[in-house]
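A.B. asks: Sharing a structure with you now.
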Amino acid sequence: MLRSFIILLTCLSALSVMGQTKLTSEQEKQVLAKMEQSSNALHSLQCDFVQSKRMKILSKEMQSKGVLYFKKPDKVRWQYTTPYDYTFIMNGDKVQIKSAKKTKNFDIQGNKIFRQITTIILNTVTGGGIKNSVDFDVTLYKQDDVYFAKMLPKKKEVKQVYAAIEVYFNPALTMVENIKMIEKSGEYTTVKLLSPKVNTTINESIFKVN
Amino acid sequence: MLTDSVVVDTVVTDTAEIRQYNLLLEAGPHQISGICVMKMVSPTEVIGTVINEFGLTAFDFEYNGKKTKLSNLPPFLDKWYIRKVLQADMSFFFSKLPKQKNVRKISRLITFSPDGEITLINIRFKIKYTFTPIIEE
């Protein structure tokens, strides 16, 4: 009886590992083509997001919420509305960060770290050109009905903090649904994109960097 | 001259309670903002973490009633001189939390505002920490 139980457990664990499979080169080609097609068709995006961070030391999850606006090719507004106010605006080479007490402007060209951050945001939000990224080694997997890209950082600055970034797509491969940022310590943050509105008109003032 | 002020419900007094603060750290022209989450595990012991708004961990801390120990620092923060200053500043901060009285020493100054904001200044190194309570809806 015990032996059967152990065999059953072993089979179940094997199945759970098998649940996540690396795509063959042919599958990868097809998926990438579909992703590229979806990314090309995406001109603007507006959605809510929920960010969850598991804090090991406190055995607690912190959840923050906000709104995301994206307009091709390089305009992003990533705004946290609860429980804290924090806004990251990218407009071309300009970045503005507004926190509760301060507003600061940066030029991406003169700031290596911000160049990396904006590359990550653009890659993960649109999912486009993900495989051609020069900053990450990217492998595609399928888990149940969900495709995801595992991005391993190549650049020293990103490597120092992130072990990997996983970008999850919806089954139809038309949208990024979930982003998981895994730190070197094993702690991770997930960002779920909710209620996406694609290709609607977004007022330019949303991306204004003063 | 500093005066003691009445602080409304800002500091961790319940052993099971977790408090969240917006943390703004200013050192000369440099500013770093983040979220500081802390939990009182006993009347004199505090554990917690500082993360940036995007969720990335800056460091974890444990205060045992005398000293603060930092852990989980990314390599760019994990320098002995950064640890030394942060640990000493945080120890001063936690030691003054229970009484919530404004204190000025030769090297440091801490003030408690009625709205719950706490400001710590490291006078020697000109570092200012502003802790603003985050009220969850």
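Letters A, B, ... mark the chains of the structure tokens in the order given; residue numbers begin at 1 per chain; ligand numbers begin at 1, in order shown.
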Which chain A residues are at most 9 Å from chain B (counting only C-alpha atoms), as a VMD selection string?

C.D. replies: chain A and resid 51 to 55 57 to 58 62 64 80 82 to 84 86 99 to 102 157 160 to 162 181 183 to 185 187 to 190

A.B. asks: When you look at Asn210 in chain A with a cut-off of 12 Å (counting only C-alpha atoms), what residues show up, excluding the ones that are within fewer than 3 positions of it in the same chain? I need them as a list in words.

C.D. replies: Ile89, Met90, Asn91, Lys94, Val95, Gln96, Ile97, Lys98, Thr103, Lys104, Asn105, Phe106, Ser205, Ile206 and Phe207 of chain A

A.B. asks: Enumerate, as number ranges by chain, the complete set of residues in range 22-177 of chain A that a backbone-based DSSP assignment places in strand (DSSP E or B).

C.D. replies: A: 22, 44-55, 60-71, 75-82, 86-91, 94-98, 103-107, 136-143, 146-153, 162-169, 176-177

A.B. asks: CA of Ile130 in chain A and CA of Lys208 in chain A, how far apart in Å?

C.D. replies: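 The value is 26.9 Å.
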
A.B. asks: Could you give me, as a list of chain:residue names, each residue of range 10-120 of chain B that DSSP assigns to helix (DSSP H, G or I) when run on this structure's backbone?

C.D. replies: B:Trp80, B:Tyr81, B:Ile82, B:Arg83, B:Lys84, B:Val85, B:Leu86, B:Gln87, B:Ala88, B:Asp89, B:Met90, B:Ser91, B:Phe92, B:Phe93, B:Phe94, B:Ser95, B:Lys96

A.B. asks: Just the residues within 12 Å of Gln109 in chain A, please, counting only C-alpha atoms, with nothing from its chain fewer than 6 positions along; format it as a ChimeraX atom specification.

C.D. replies: /A:92-95,115-116,118

A.B. asks: What does the file look like for those residues with N, CA and C atoms, as an mmCIF file, in the first residue's frame?

C.D. replies:
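Output saved as selection-v9.cif:
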```cif
data_model
loop_
_atom_site.group_PDB
_atom_site.id
_atom_site.type_symbol
_atom_site.label_atom_id
_atom_site.label_comp_id
_atom_site.auth_asym_id
_atom_site.auth_seq_id
_atom_site.Cartn_x
_atom_site.Cartn_y
_atom_site.Cartn_z
ATOM 1 N N GLY A 92 9.796 58.890 -24.632
ATOM 2 C CA GLY A 92 11.042 58.918 -25.418
ATOM 3 C C GLY A 92 12.228 58.741 -24.495
ATOM 4 N N ASP A 93 13.137 59.710 -24.552
ATOM 5 C CA ASP A 93 14.353 59.623 -23.733
ATOM 6 C C ASP A 93 14.159 60.189 -22.326
ATOM 7 N N LYS A 94 12.980 60.733 -22.083
ATOM 8 C CA LYS A 94 12.747 61.386 -20.782
ATOM 9 C C LYS A 94 11.969 60.486 -19.825
ATOM 10 N N VAL A 95 12.391 60.520 -18.591
ATOM 11 C CA VAL A 95 11.689 59.768 -17.544
ATOM 12 C C VAL A 95 11.370 60.710 -16.394
ATOM 13 N N ARG A 115 17.991 53.143 -18.565
ATOM 14 C CA ARG A 115 17.932 52.527 -19.894
ATOM 15 C C ARG A 115 17.510 51.066 -19.753
ATOM 16 N N GLN A 116 18.078 50.402 -18.736
ATOM 17 C CA GLN A 116 17.744 48.989 -18.498
ATOM 18 C C GLN A 116 16.280 48.838 -18.075
ATOM 19 N N THR A 118 13.710 50.857 -18.581
ATOM 20 C CA THR A 118 12.750 51.145 -19.649
ATOM 21 C C THR A 118 12.737 50.017 -20.696
#
```

A.B. asks: Give me the residues within 10 Å of Leu122 in chain A as a list of chain:residue names, counting only C-alpha atoms and dropping any in the same chain fewer than 5 places off.

C.D. replies: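 So the residues in contact are A:Phe70, A:Lys72, A:Pro73, A:Asp74, A:Lys75, A:Val76, A:Ile117, A:Gly127, A:Gly128, A:Gly129, A:Ile130.
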
A.B. asks: Restrict the selected residues to N, CA and C atoms and save them as a short mmCIF file (atom, residue, chain, number, x, y, z; two decimals), in the first residue's frame.

C.D. replies:
```
data_model
loop_
_atom_site.label_atom_id
_atom_site.label_comp_id
_atom_site.auth_asym_id
_atom_site.auth_seq_id
_atom_site.Cartn_x
_atom_site.Cartn_y
_atom_site.Cartn_z
N PHE A 70 0.17 52.73 -22.16
CA PHE A 70 1.31 52.54 -23.07
C PHE A 70 0.90 53.02 -24.46
N LYS A 72 2.72 53.35 -28.37
CA LYS A 72 3.90 53.10 -29.20
C LYS A 72 4.53 54.39 -29.69
N PRO A 73 5.82 54.48 -29.86
CA PRO A 73 6.75 53.37 -29.62
C PRO A 73 7.33 53.35 -28.20
N ASP A 74 7.31 54.48 -27.52
CA ASP A 74 8.09 54.50 -26.26
C ASP A 74 7.48 55.41 -25.20
N LYS A 75 6.15 55.36 -25.08
CA LYS A 75 5.51 56.17 -24.03
C LYS A 75 4.83 55.24 -23.03
N VAL A 76 5.19 55.41 -21.78
CA VAL A 76 4.63 54.55 -20.73
C VAL A 76 4.29 55.41 -19.51
N ILE A 117 15.85 49.72 -17.15
CA ILE A 117 14.48 49.63 -16.64
C ILE A 117 13.46 49.84 -17.77
N GLY A 127 5.58 42.54 -25.14
CA GLY A 127 5.94 41.18 -25.51
C GLY A 127 6.60 41.13 -26.89
N GLY A 128 6.68 42.26 -27.54
CA GLY A 128 7.23 42.29 -28.89
C GLY A 128 8.75 42.29 -28.90
N GLY A 129 9.32 41.66 -29.87
CA GLY A 129 10.78 41.62 -30.00
C GLY A 129 11.47 40.97 -28.82
N ILE A 130 10.70 40.19 -28.07
CA ILE A 130 11.22 39.63 -26.83
C ILE A 130 12.42 38.71 -27.08
#
```

A.B. asks: Write out as an mmCIF file with C-alpha atoms, in the first residue's frame the residues lying within 12 Å of range 138-146 of chain A, counting only C-alpha atoms and excluding same-chain residues fewer than 6 positions away.

C.D. replies:
```cif
data_model
loop_
_atom_site.group_PDB
_atom_site.id
_atom_site.type_symbol
_atom_site.label_atom_id
_atom_site.label_comp_id
_atom_site.auth_asym_id
_atom_site.auth_seq_id
_atom_site.Cartn_x
_atom_site.Cartn_y
_atom_site.Cartn_z
ATOM 1 C CA LEU A 15 3.706 15.275 -14.020
ATOM 2 C CA SER A 16 3.959 18.665 -12.341
ATOM 3 C CA VAL A 17 7.484 19.141 -13.720
ATOM 4 C CA MET A 18 6.277 17.927 -17.096
ATOM 5 C CA GLY A 19 3.494 20.553 -16.920
ATOM 6 C CA GLN A 20 6.071 23.126 -17.925
ATOM 7 C CA THR A 21 7.642 22.261 -21.253
ATOM 8 C CA LYS A 22 10.218 24.035 -23.333
ATOM 9 C CA LEU A 23 8.989 24.722 -26.847
ATOM 10 C CA THR A 24 10.606 22.994 -29.782
ATOM 11 C CA SER A 25 12.261 25.279 -32.306
ATOM 12 C CA GLU A 26 9.319 24.814 -34.699
ATOM 13 C CA GLN A 27 6.762 25.636 -31.962
ATOM 14 C CA GLU A 28 8.898 28.564 -30.863
ATOM 15 C CA LYS A 29 8.939 29.934 -34.402
ATOM 16 C CA GLN A 30 5.141 29.788 -34.636
ATOM 17 C CA VAL A 31 4.598 31.308 -31.201
ATOM 18 C CA LEU A 32 7.085 34.100 -31.837
ATOM 19 C CA MET A 35 3.506 37.279 -30.607
ATOM 20 C CA ASN A 123 9.786 44.320 -23.579
ATOM 21 C CA THR A 124 7.472 42.987 -20.923
ATOM 22 C CA GLY A 127 5.944 41.185 -25.513
ATOM 23 C CA GLY A 129 10.782 41.620 -30.005
ATOM 24 C CA ILE A 130 11.217 39.632 -26.829
ATOM 25 C CA LYS A 131 13.376 36.978 -28.461
ATOM 26 C CA ASN A 132 15.614 39.566 -30.110
ATOM 27 C CA LEU A 152 17.625 35.589 -18.025
ATOM 28 C CA PRO A 153 19.488 38.894 -17.710
ATOM 29 C CA LYS A 154 22.835 39.295 -19.453
ATOM 30 C CA ALA A 164 14.945 35.960 -14.092
ATOM 31 C CA ILE A 165 11.896 37.726 -15.425
ATOM 32 C CA GLU A 166 8.984 35.636 -16.675
ATOM 33 C CA VAL A 167 6.432 37.114 -19.038
ATOM 34 C CA TYR A 168 3.130 35.204 -19.316
ATOM 35 C CA PHE A 169 0.851 35.571 -22.329
ATOM 36 C CA ASN A 170 -2.846 34.844 -22.676
ATOM 37 C CA PRO A 171 -3.686 31.563 -24.470
ATOM 38 C CA ALA A 172 -4.464 33.415 -27.707
ATOM 39 C CA LEU A 173 -1.001 35.047 -27.547
ATOM 40 C CA THR A 174 -2.522 38.470 -28.101
ATOM 41 C CA MET A 175 -1.617 40.050 -24.748
ATOM 42 C CA VAL A 176 0.826 39.910 -21.870
ATOM 43 C CA GLU A 177 -1.180 38.932 -18.795
ATOM 44 C CA ASN A 178 1.314 38.489 -16.019
#
```
